[in-house]
file work21.cif (mmCIF, C-alpha atoms)
data_query
#
loop_
_atom_site.group_PDB
_atom_site.id
_atom_site.type_symbol
_atom_site.label_atom_id
_atom_site.label_comp_id
_atom_site.auth_asym_id
_atom_site.auth_seq_id
_atom_site.Cartn_x
_atom_site.Cartn_y
_atom_site.Cartn_z
ATOM 1 C CA MET A 1 -31.328 64.210 142.099
ATOM 2 C CA THR A 2 -30.498 66.117 138.951
ATOM 3 C CA ALA A 3 -27.142 65.838 137.270
ATOM 4 C CA PRO A 4 -24.903 68.938 137.429
ATOM 5 C CA ARG A 5 -25.140 71.172 134.404
ATOM 6 C CA PRO A 6 -21.990 71.216 132.245
ATOM 7 C CA ASN A 7 -19.903 74.370 132.407
ATOM 8 C CA PHE A 8 -19.128 75.795 128.966
ATOM 9 C CA ASP A 9 -17.446 78.977 130.189
ATOM 10 C CA PHE A 10 -13.989 79.868 128.927
ATOM 11 C CA ASP A 11 -11.991 83.004 129.650
ATOM 12 C CA ILE A 12 -8.712 83.257 127.773
ATOM 13 C CA ASP A 13 -7.595 86.074 130.066
ATOM 14 C CA HIS A 14 -7.475 83.584 132.917
ATOM 15 C CA TYR A 15 -4.396 82.181 131.188
ATOM 16 C CA LEU A 16 -3.017 85.336 129.535
ATOM 17 C CA ASN A 17 -3.300 87.976 132.246
ATOM 18 C CA ARG A 18 -0.681 86.356 134.471
ATOM 19 C CA TYR A 19 1.874 87.217 131.771
ATOM 20 C CA VAL A 20 0.630 90.745 131.072
ATOM 21 C CA PRO A 21 2.536 93.496 132.947
ATOM 22 C CA ARG A 22 0.547 95.866 135.103
ATOM 23 C CA ASN A 23 -0.230 99.374 133.914
ATOM 24 C CA ARG A 24 2.720 101.704 134.498
ATOM 25 C CA LEU A 25 1.442 104.738 132.613
ATOM 26 C CA GLY A 26 1.250 106.722 135.846
ATOM 27 C CA ARG A 27 5.060 106.719 136.023
ATOM 28 C CA LEU A 28 5.383 108.572 132.711
ATOM 29 C CA PRO A 29 5.450 112.373 132.543
ATOM 30 C CA LYS A 30 1.921 113.694 132.893
ATOM 31 C CA PRO A 31 1.650 115.174 129.347
ATOM 32 C CA ILE A 32 2.507 111.733 127.939
ATOM 33 C CA SER A 33 0.420 109.643 130.312
ATOM 34 C CA TRP A 34 -2.527 112.010 129.835
ATOM 35 C CA PHE A 35 -2.713 111.307 126.104
ATOM 36 C CA LEU A 36 -2.339 107.593 126.781
ATOM 37 C CA GLY A 37 -5.530 107.631 128.845
ATOM 38 C CA HIS A 38 -4.109 107.709 132.375
ATOM 39 C CA ARG A 39 -5.988 109.802 134.923
ATOM 40 C CA GLY A 40 -5.308 110.282 138.607
ATOM 41 C CA LYS A 41 -9.004 110.926 139.180
ATOM 42 C CA HIS A 42 -12.289 110.613 137.330
ATOM 43 C CA PRO A 43 -12.537 112.985 134.345
ATOM 44 C CA VAL A 44 -15.030 115.813 134.564
ATOM 45 C CA GLU A 45 -18.252 115.352 132.601
ATOM 46 C CA ILE A 46 -18.237 117.711 129.607
ATOM 47 C CA GLY A 47 -21.835 117.409 128.380
ATOM 48 C CA THR A 48 -23.324 115.733 125.337
ATOM 49 C CA LEU A 49 -22.878 118.645 122.931
ATOM 50 C CA LEU A 50 -19.116 118.622 123.414
ATOM 51 C CA ILE A 51 -19.093 114.835 123.099
ATOM 52 C CA TYR A 52 -20.817 115.078 119.720
ATOM 53 C CA PHE A 53 -18.448 117.845 118.639
ATOM 54 C CA TRP A 54 -15.342 115.821 119.458
ATOM 55 C CA ALA A 55 -16.902 112.725 117.872
ATOM 56 C CA PHE A 56 -17.253 114.713 114.648
ATOM 57 C CA VAL A 57 -13.712 116.096 114.837
ATOM 58 C CA GLY A 58 -12.257 112.678 115.588
ATOM 59 C CA ALA A 59 -14.079 110.785 112.832
ATOM 60 C CA PHE A 60 -13.304 113.508 110.301
ATOM 61 C CA ALA A 61 -9.631 113.783 111.220
ATOM 62 C CA GLY A 62 -9.069 110.047 111.635
ATOM 63 C CA LEU A 63 -10.539 109.010 108.298
ATOM 64 C CA LEU A 64 -8.912 111.960 106.528
ATOM 65 C CA VAL A 65 -5.483 110.860 107.783
ATOM 66 C CA VAL A 66 -6.101 107.270 106.670
ATOM 67 C CA GLU A 67 -7.309 108.357 103.228
ATOM 68 C CA ALA A 68 -4.320 110.649 102.780
ATOM 69 C CA VAL A 69 -1.903 107.827 103.613
ATOM 70 C CA PHE A 70 -3.712 105.311 101.411
ATOM 71 C CA ASN A 71 -3.554 107.809 98.529
ATOM 72 C CA THR A 72 0.267 107.664 98.459
ATOM 73 C CA PRO A 73 2.035 105.726 95.671
ATOM 74 C CA PHE A 74 3.145 103.032 98.126
ATOM 75 C CA PHE A 75 -0.458 101.962 98.648
ATOM 76 C CA LYS A 76 -1.928 102.929 95.280
ATOM 77 C CA ASN A 77 0.579 100.750 93.419
ATOM 78 C CA GLU A 78 -0.720 97.733 95.351
ATOM 79 C CA GLY A 79 -4.335 98.411 94.438
ATOM 80 C CA THR A 80 -5.310 99.576 97.937
ATOM 81 C CA PRO A 81 -8.753 101.233 98.095
ATOM 82 C CA ILE A 82 -8.920 104.846 99.202
ATOM 83 C CA VAL A 83 -10.162 103.549 102.568
ATOM 84 C CA VAL A 84 -11.233 100.236 104.052
ATOM 85 C CA ALA A 85 -15.020 100.470 104.276
ATOM 86 C CA SER A 86 -15.164 99.009 107.782
ATOM 87 C CA PHE A 87 -13.097 101.935 109.066
ATOM 88 C CA GLY A 88 -16.215 104.096 108.865
ATOM 89 C CA ALA A 89 -17.940 101.995 111.488
ATOM 90 C CA ALA A 90 -14.720 101.796 113.508
ATOM 91 C CA ALA A 91 -14.582 105.597 113.590
ATOM 92 C CA ILE A 92 -18.012 105.737 115.230
ATOM 93 C CA LEU A 93 -16.839 103.464 118.025
ATOM 94 C CA GLU A 94 -13.400 104.964 118.518
ATOM 95 C CA TYR A 95 -14.466 108.621 118.516
ATOM 96 C CA ASN A 96 -18.061 108.538 119.733
ATOM 97 C CA ALA A 97 -18.711 105.476 121.916
ATOM 98 C CA ILE A 98 -15.245 105.660 123.459
ATOM 99 C CA ALA A 99 -16.289 104.166 126.803
ATOM 100 C CA SER A 100 -17.532 100.980 125.149
ATOM 101 C CA PRO A 101 -15.432 97.838 125.729
ATOM 102 C CA LEU A 102 -15.686 97.297 121.965
ATOM 103 C CA ALA A 103 -13.811 100.559 121.313
ATOM 104 C CA GLN A 104 -10.693 99.881 123.398
ATOM 105 C CA PRO A 105 -7.285 99.310 121.732
ATOM 106 C CA ARG A 106 -7.129 95.545 122.207
ATOM 107 C CA PRO A 107 -10.339 94.706 120.319
ATOM 108 C CA ALA A 108 -9.939 97.645 117.924
ATOM 109 C CA PHE A 109 -6.590 96.411 116.632
ATOM 110 C CA LEU A 110 -6.583 92.664 117.202
ATOM 111 C CA GLY A 111 -10.223 92.292 116.139
ATOM 112 C CA GLN A 112 -9.469 93.913 112.779
ATOM 113 C CA LEU A 113 -6.282 91.903 112.306
ATOM 114 C CA LEU A 114 -7.816 88.525 113.187
ATOM 115 C CA SER A 115 -10.857 89.163 110.998
ATOM 116 C CA ALA A 116 -8.694 90.126 108.028
ATOM 117 C CA VAL A 117 -6.640 86.948 108.457
ATOM 118 C CA ILE A 118 -9.817 84.852 108.619
ATOM 119 C CA GLY A 119 -11.369 86.573 105.597
ATOM 120 C CA ILE A 120 -8.279 86.158 103.440
ATOM 121 C CA SER A 121 -7.852 82.541 104.536
ATOM 122 C CA ILE A 122 -11.450 81.677 103.655
ATOM 123 C CA HIS A 123 -11.085 83.339 100.258
ATOM 124 C CA LYS A 124 -7.871 81.409 99.585
ATOM 125 C CA LEU A 125 -9.502 78.163 100.687
ATOM 126 C CA PHE A 126 -12.558 78.590 98.468
ATOM 127 C CA SER A 127 -10.332 79.663 95.582
ATOM 128 C CA LEU A 128 -9.047 76.084 95.440
ATOM 129 C CA SER A 129 -12.422 75.055 94.023
ATOM 130 C CA PRO A 130 -12.674 75.249 90.208
ATOM 131 C CA HIS A 131 -16.227 76.546 90.643
ATOM 132 C CA TYR A 132 -15.177 79.557 92.713
ATOM 133 C CA PRO A 133 -15.113 82.713 90.561
ATOM 134 C CA SER A 134 -11.859 84.592 90.150
ATOM 135 C CA PRO A 135 -11.647 88.044 91.780
ATOM 136 C CA PHE A 136 -10.341 89.317 88.425
ATOM 137 C CA SER A 137 -13.708 88.550 86.795
ATOM 138 C CA ASN A 138 -17.177 89.903 87.408
ATOM 139 C CA ASP A 139 -18.667 86.437 87.766
ATOM 140 C CA SER A 140 -20.342 85.269 90.952
ATOM 141 C CA ASN A 141 -22.148 82.187 92.192
ATOM 142 C CA PHE A 142 -23.473 80.701 95.423
ATOM 143 C CA LEU A 143 -19.950 80.023 96.738
ATOM 144 C CA VAL A 144 -19.164 83.726 97.179
ATOM 145 C CA PRO A 145 -21.965 84.524 99.652
ATOM 146 C CA LEU A 146 -21.315 81.190 101.350
ATOM 147 C CA ALA A 147 -17.652 82.083 101.818
ATOM 148 C CA GLY A 148 -18.557 85.562 103.032
ATOM 149 C CA ALA A 149 -20.989 84.264 105.640
ATOM 150 C CA LEU A 150 -18.489 81.649 106.794
ATOM 151 C CA ALA A 151 -15.737 84.260 107.131
ATOM 152 C CA VAL A 152 -17.887 86.532 109.288
ATOM 153 C CA GLY A 153 -19.097 83.614 111.427
ATOM 154 C CA ILE A 154 -15.593 82.332 112.130
ATOM 155 C CA ALA A 155 -14.305 85.857 112.770
ATOM 156 C CA SER A 156 -17.114 86.502 115.233
ATOM 157 C CA ALA A 157 -16.395 83.307 117.149
ATOM 158 C CA LEU A 158 -12.641 83.899 117.176
ATOM 159 C CA MET A 159 -13.050 87.475 118.412
ATOM 160 C CA GLY A 160 -15.268 86.212 121.215
ATOM 161 C CA PHE A 161 -12.770 83.490 122.083
ATOM 162 C CA THR A 162 -9.895 85.993 122.261
ATOM 163 C CA LYS A 163 -11.960 88.801 123.871
ATOM 164 C CA THR A 164 -11.316 91.091 120.899
ATOM 165 C CA VAL A 165 -14.908 91.641 119.728
ATOM 166 C CA HIS A 166 -14.969 94.671 117.436
ATOM 167 C CA PRO A 167 -18.133 94.841 115.269
ATOM 168 C CA PRO A 168 -16.549 96.734 112.329
ATOM 169 C CA ALA A 169 -14.065 93.888 112.006
ATOM 170 C CA GLY A 170 -16.890 91.633 110.829
ATOM 171 C CA ALA A 171 -17.183 93.863 107.772
ATOM 172 C CA THR A 172 -13.432 93.545 107.244
ATOM 173 C CA ALA A 173 -13.715 89.751 107.080
ATOM 174 C CA LEU A 174 -16.616 90.075 104.650
ATOM 175 C CA LEU A 175 -14.754 92.510 102.390
ATOM 176 C CA CYS A 176 -11.919 90.016 101.967
ATOM 177 C CA VAL A 177 -14.359 87.671 100.237
ATOM 178 C CA VAL A 178 -17.072 89.689 98.488
ATOM 179 C CA ASP A 179 -15.121 92.795 97.415
ATOM 180 C CA ALA A 180 -13.162 91.985 94.245
ATOM 181 C CA GLN A 181 -10.640 94.800 94.737
ATOM 182 C CA VAL A 182 -9.829 93.633 98.255
ATOM 183 C CA ALA A 183 -9.808 89.953 97.252
ATOM 184 C CA ARG A 184 -7.236 90.662 94.536
ATOM 185 C CA MET A 185 -4.882 92.123 97.135
ATOM 186 C CA GLY A 186 -4.609 88.822 98.990
ATOM 187 C CA TRP A 187 -2.323 88.863 102.024
ATOM 188 C CA TRP A 188 -1.171 92.402 101.201
ATOM 189 C CA PHE A 189 -4.537 93.570 102.541
ATOM 190 C CA LEU A 190 -3.185 92.992 106.060
ATOM 191 C CA VAL A 191 -0.826 95.954 105.591
ATOM 192 C CA PRO A 192 -3.500 98.644 105.072
ATOM 193 C CA VAL A 193 -5.683 97.050 107.746
ATOM 194 C CA MET A 194 -2.938 97.252 110.363
ATOM 195 C CA ILE A 195 -1.593 100.668 109.349
ATOM 196 C CA GLY A 196 -5.051 102.162 108.940
ATOM 197 C CA THR A 197 -6.167 100.846 112.316
ATOM 198 C CA LEU A 198 -3.057 102.199 114.023
ATOM 199 C CA LEU A 199 -3.631 105.596 112.410
ATOM 200 C CA LEU A 200 -7.218 105.673 113.680
ATOM 201 C CA LEU A 201 -6.051 104.732 117.169
ATOM 202 C CA GLY A 202 -3.286 107.331 117.079
ATOM 203 C CA VAL A 203 -5.707 110.102 116.179
ATOM 204 C CA ALA A 204 -8.067 108.814 118.881
ATOM 205 C CA LEU A 205 -5.349 109.170 121.525
ATOM 206 C CA LEU A 206 -4.957 112.807 120.567
ATOM 207 C CA ILE A 207 -8.575 113.879 120.003
ATOM 208 C CA ASN A 208 -10.280 111.796 122.677
ATOM 209 C CA ASN A 209 -7.958 112.974 125.447
ATOM 210 C CA LEU A 210 -8.351 116.688 124.924
ATOM 211 C CA GLN A 211 -11.481 116.849 127.090
ATOM 212 C CA ARG A 212 -12.389 113.200 127.539
ATOM 213 C CA ARG A 213 -10.513 110.023 128.407
ATOM 214 C CA TRP A 214 -9.519 107.177 126.102
ATOM 215 C CA PRO A 215 -8.697 104.376 126.327
ATOM 216 C CA ILE A 216 -10.444 103.230 129.463
ATOM 217 C CA TRP A 217 -8.079 100.262 129.438
ATOM 218 C CA TRP A 218 -5.405 98.952 127.060
ATOM 219 C CA TRP A 219 -5.603 95.207 127.564
ATOM 220 C CA THR A 220 -8.348 94.380 130.055
ATOM 221 C CA GLU A 221 -10.694 96.098 132.454
ATOM 222 C CA HIS A 222 -9.596 93.730 135.232
ATOM 223 C CA ASP A 223 -6.923 94.534 137.785
ATOM 224 C CA LEU A 224 -3.459 93.308 136.820
ATOM 225 C CA ARG A 225 -1.731 94.351 140.037
ATOM 226 C CA SER A 226 -1.799 90.778 141.252
ATOM 227 C CA ARG A 227 -2.374 87.456 139.550
ATOM 228 C CA LYS A 228 -2.938 83.888 140.611
ATOM 229 C CA ASP A 229 -0.672 80.973 140.025
ATOM 230 C CA ASP A 230 -1.819 77.458 139.248
ATOM 231 C CA LEU A 231 -2.426 76.760 142.956
ATOM 232 C CA GLY A 232 -4.707 79.775 143.292
ATOM 233 C CA THR A 233 -2.377 81.818 145.497
ATOM 234 C CA GLU A 234 -1.676 85.421 144.691
ATOM 235 C CA LYS A 235 1.733 86.536 143.432
ATOM 236 C CA SER A 236 3.035 90.069 143.469
ATOM 237 C CA LEU A 237 4.108 91.378 140.074
ATOM 238 C CA GLY A 238 7.791 92.243 139.836
ATOM 239 C CA SER A 239 8.469 95.958 139.781
ATOM 240 C CA VAL A 240 10.693 98.611 141.222
ATOM 241 C CA ASP A 241 8.245 98.985 144.089
ATOM 242 C CA GLU A 242 7.662 95.249 144.549
ATOM 243 C CA GLU A 243 8.346 95.396 148.269
ATOM 244 C CA ARG A 244 5.743 98.080 148.755
ATOM 245 C CA ASP A 245 3.194 96.156 146.689
ATOM 246 C CA ALA A 246 3.899 93.012 148.698
ATOM 247 C CA ALA A 247 3.423 94.893 151.958
ATOM 248 C CA ILE A 248 0.199 96.556 150.941
ATOM 249 C CA ASP A 249 -1.810 94.952 148.140
ATOM 250 C CA MET A 250 -4.204 97.547 146.797
ATOM 251 C CA GLN A 251 -7.097 96.759 144.520
ATOM 252 C CA GLU A 252 -9.435 99.307 142.968
ATOM 253 C CA ALA A 253 -13.087 98.968 143.848
ATOM 254 C CA GLU A 254 -15.929 98.823 141.381
ATOM 255 C CA PRO A 255 -16.745 102.189 139.741
ATOM 256 C CA ASP A 256 -19.993 102.583 141.710
ATOM 257 C CA ARG A 257 -18.289 102.198 145.095
ATOM 258 C CA ASP A 258 -17.022 105.326 146.799
ATOM 259 C CA ARG A 259 -15.369 103.968 149.898
ATOM 260 C CA LEU A 260 -11.997 102.770 151.123
ATOM 261 C CA VAL A 261 -11.893 99.367 152.810
ATOM 262 C CA VAL A 262 -8.942 98.351 154.994
ATOM 263 C CA GLY A 263 -8.633 94.648 155.718
ATOM 264 C CA MET A 264 -5.923 92.386 157.054
ATOM 265 C CA ASP A 265 -5.341 90.879 153.617
ATOM 266 C CA ARG A 266 -5.831 93.824 151.276
ATOM 267 C CA VAL A 267 -6.876 97.421 150.910
ATOM 268 C CA VAL A 268 -9.659 98.247 148.444
ATOM 269 C CA LEU A 269 -9.507 101.737 146.986
ATOM 270 C CA PRO A 270 -12.198 103.706 145.150
ATOM 271 C CA GLN A 271 -11.432 103.741 141.434
ATOM 272 C CA GLY A 272 -9.038 106.499 140.409
ATOM 273 C CA LEU A 273 -7.725 107.214 143.921
ATOM 274 C CA GLU A 274 -3.947 107.440 144.095
ATOM 275 C CA LEU A 275 -1.948 107.543 147.329
ATOM 276 C CA ASN A 276 1.498 108.914 148.116
ATOM 277 C CA ASP A 277 4.142 107.016 150.098
ATOM 278 C CA LEU A 278 3.116 108.559 153.432
ATOM 279 C CA GLU A 279 -0.534 107.599 152.968
ATOM 280 C CA ILE A 280 0.474 104.083 151.935
ATOM 281 C CA SER A 281 2.646 103.776 155.052
ATOM 282 C CA MET A 282 -0.330 104.799 157.212
ATOM 283 C CA LEU A 283 -2.533 102.127 155.664
ATOM 284 C CA GLU A 284 0.234 99.578 156.058
ATOM 285 C CA GLY A 285 0.443 100.497 159.746
ATOM 286 C CA LEU A 286 -3.304 99.940 160.139
ATOM 287 C CA ARG A 287 -3.043 96.512 158.536
ATOM 288 C CA THR A 288 -0.127 95.613 160.815
ATOM 289 C CA LYS A 289 -2.111 96.601 163.912
ATOM 290 C CA MET A 290 -5.103 94.573 162.725
ATOM 291 C CA LYS A 291 -2.900 91.510 162.237
ATOM 292 C CA GLU A 292 -1.306 91.985 165.672
ATOM 293 C CA GLY A 293 -4.766 92.241 167.217
ATOM 294 C CA ARG A 294 -5.827 89.016 165.555
ATOM 295 C CA ARG A 295 -2.722 87.228 166.815
ATOM 296 C CA ARG A 296 -3.386 88.461 170.369
ATOM 297 C CA ARG A 297 -6.983 87.259 170.255
ATOM 298 C CA GLU A 298 -5.913 83.860 168.918
ATOM 299 C CA SER A 299 -3.226 83.615 171.617
ATOM 300 C CA GLU A 300 -5.728 84.479 174.372
ATOM 301 C CA ALA A 301 -8.227 81.984 173.012
ATOM 302 C CA THR A 302 -5.566 79.290 173.013
ATOM 303 C CA ARG A 303 -4.529 80.144 176.581
ATOM 304 C CA VAL A 304 -8.126 80.101 177.861
ATOM 305 C CA GLY A 305 -8.758 76.797 176.130
ATOM 306 C CA SER A 306 -5.700 75.240 177.732
ATOM 307 C CA GLU A 307 -6.876 76.328 181.200
#
call {"tool": "encode", "arguments": {"input": "work21.cif", "output": "C-alpha cells"}}
result
Amino acid sequence: MTAPRPNFDFDIDHYLNRYVPRNRLGRLPKPISWFLGHRGKHPVEIGTLLIYFWAFVGAFAGLLVVEAVFNTPFFKNEGTPIVVASFGAAAILEYNAIASPLAQPRPAFLGQLLSAVIGISIHKLFSLSPHYPSPFSNDSNFLVPLAGALAVGIASALMGFTKTVHPPAGATALLCVVDAQVARMGWWFLVPVMIGTLLLLGVALLINNLQRRWPIWWWTEHDLRSRKDDLGTEKSLGSVDEERDAAIDMQEAEPDRDRLVVGMDRVVLPQGLELNDLEISMLEGLRTKMKEGRRRRESEATRVGSE
C-alpha cells in the first residue's frame, strides 16, 4: 500500500473571495457599464484585422498618454524616466491579448505594484553591503545581477501566490535593481508605476470596449454570487435583491455550454444570459414544483414502508 501523495496546492482566492462583493456593474447605466466590460450577451466577433487595428490604437494611445504625463515637471523633477520600460510589454497584453487572464485588471495593477515593491526592497537590502555598487556610480559587480535575478524570482513566486501573474511586472522588478536611474529613485518609483499602470488601464477601458470587451473579469473568473463558509455551506451575498438570490441561486455555466439546467438546488445559466423578474419567477416556480414532487415521493415511500 502506497502512502498518499502530499498536497501542495494553495489557492489564496479560497480565503479572499468570500470577502469580495459580487459584480454589480449590470446595475449601472449601460454607457458606463459597457466601458467597464459588462455585457448582457457575448460580444460579436469583429475579425482579426480589426483586432490588430485596435491593438495598434490602444498601445499607441496608452503609451503616449503615459509619456505625456511622465514628461510633466512633477515627474521630471524626481528623475522619472520618460516611460517605464516594462510598460511596453504591458501594452501588448492590455491592448492585444485582452482575453488573457494575465491582462485583466487584478494582475495588471497588483502584479506591477508587488514586483516594484520586491525590486526596491531587494535593492535596498543589497545596498547594505559595502561591496554593492552605488546607483550613482557606473560601477558594477556580481552582486548586481545576483540581486536582479533574486528580485525577479521572488516577484514571480509572489505573483503566483497572490494570483496576480503579469509577465511585464518581472521586468519592473528587474529595473529596480539593474537600471541606475530607477534605482536612484528608490521608493518614489512606486508612484510612476502605479499612476502609469492606472493610465494604461484607463485607456484600455476606452479603446478595448469600442468594438471588443475588456476586462473579462475584474477580480476573478470564478462566480462570486455565492461563497462557502468554514463549514462548507453556501451563503447568499447581501444585496438589495438578497431574497431573490436566496430563492433562486443562479450560477453561470462554463463558456462552452449552451444550455439551461434547472435543478432543485440551483439553476445553471449559459454564460451571458440575463433574466428579467418574470423569467426568474417562472424558474423559481419550477424549482418549487420539483421540491414538492420530491417531498411527495419521500412521503409515499415512507407510507409504503410502514405498511
call {"tool": "closest_residue", "arguments": {"input": "work21.cif", "among": "A:Ile122, A:Leu36, A:Leu102, A:Ala173", "to": "A:Ser86", "atoms": "all atoms listed in the file"}}
result
A:Ala173
call {"tool": "residues_around", "arguments": {"input": "work21.cif", "residues": "stretch 50-57 of chain A", "least_positions_apart": "4", "cutoff": "6 Å", "atoms": "only C-alpha atoms", "output": "ChimeraX atom specification"}}
result
/A:61,95-96
call {"tool": "atom_distance", "arguments": {"input": "work21.cif", "atom1": "atom CA of A:His42", "atom2": "atom CA of A:Arg212"}}
result
10.1 Å
call {"tool": "resolve_selection", "arguments": {"input": "work21.cif", "expression": "the PyMOL selection byres ((chain A and resi 263) around 10)", "output": "PyMOL selection string"}}
result
chain A and resi 260-262+264-268+283+286-288+290-291
call {"tool": "residues_near_point", "arguments": {"input": "work21.cif", "point": "(-0.6, 85.8, 104.5)", "cutoff": "8 Å", "atoms": "all atoms listed in the file", "output": "NGL selection string"}}
result
:A and (117 or 120-121 or 186-188 or 190)
call {"tool": "residues_around", "arguments": {"input": "work21.cif", "residues": "stretch 103-109 of chain A", "least_positions_apart": "5", "cutoff": "6 Å", "atoms": "only C-alpha atoms", "output": "ChimeraX atom specification"}}
result
/A:93-94,98,164-166,215,218-219
call {"tool": "write_last_selection", "arguments": {"input": "work21.cif", "atoms": "C-alpha atoms", "output": "PDB file, in the coordinates of the input"}}
result
ATOM      1  CA  LEU A  93     -16.839 103.464 118.025  1.00  0.00           C
ATOM      2  CA  GLU A  94     -13.400 104.964 118.518  1.00  0.00           C
ATOM      3  CA  ILE A  98     -15.245 105.660 123.459  1.00  0.00           C
ATOM      4  CA  THR A 164     -11.316  91.091 120.899  1.00  0.00           C
ATOM      5  CA  VAL A 165     -14.908  91.641 119.728  1.00  0.00           C
ATOM      6  CA  HIS A 166     -14.969  94.671 117.436  1.00  0.00           C
ATOM      7  CA  PRO A 215      -8.697 104.376 126.327  1.00  0.00           C
ATOM      8  CA  TRP A 218      -5.405  98.952 127.060  1.00  0.00           C
ATOM      9  CA  TRP A 219      -5.603  95.207 127.564  1.00  0.00           C
TER      10      TRP A 219
END
call {"tool": "resolve_selection", "arguments": {"input": "work21.cif", "expression": "the PyMOL selection byres ((chain A and resi 69-85) around 12)", "output": "ChimeraX atom specification"}}
result
/A:62-68,86-91,112,116,168-176,179-200
call {"tool": "atom_distance", "arguments": {"input": "work21.cif", "atom1": "atom CA of A:Pro101", "atom2": "atom CA of A:Arg22"}}
result
18.6 Å
call {"tool": "residues_around", "arguments": {"input": "work21.cif", "residues": "A:Asn209", "least_positions_apart": "2", "cutoff": "8 Å", "atoms": "all atoms listed in the file", "output": "PyMOL selection string"}}
result
chain A and resi 34-37+204-207+211-214
call {"tool": "resolve_selection", "arguments": {"input": "work21.cif", "expression": "the PyMOL selection byres ((chain A and resi 11) around 10)", "output": "list in words"}}
result
Asp9, Phe10, Ile12, Asp13, His14, Tyr15, Leu16, Gly160, Phe161, Thr162 and Lys163 of chain A
call {"tool": "atom_distance", "arguments": {"input": "work21.cif", "atom1": "atom CA of A:Ile32", "atom2": "atom CA of A:Gly202"}}
result
13.1 Å
call {"tool": "axis_aligned_box", "arguments": {"input": "work21.cif", "around": "stretch 2-13 of chain A", "padding_each_side": "4 Å", "output": "AutoDock Vina command-line options"}}
result
--center_x -19.0 --center_y 76.0 --center_z 133.4 --size_x 30.9 --size_y 28.2 --size_z 19.2
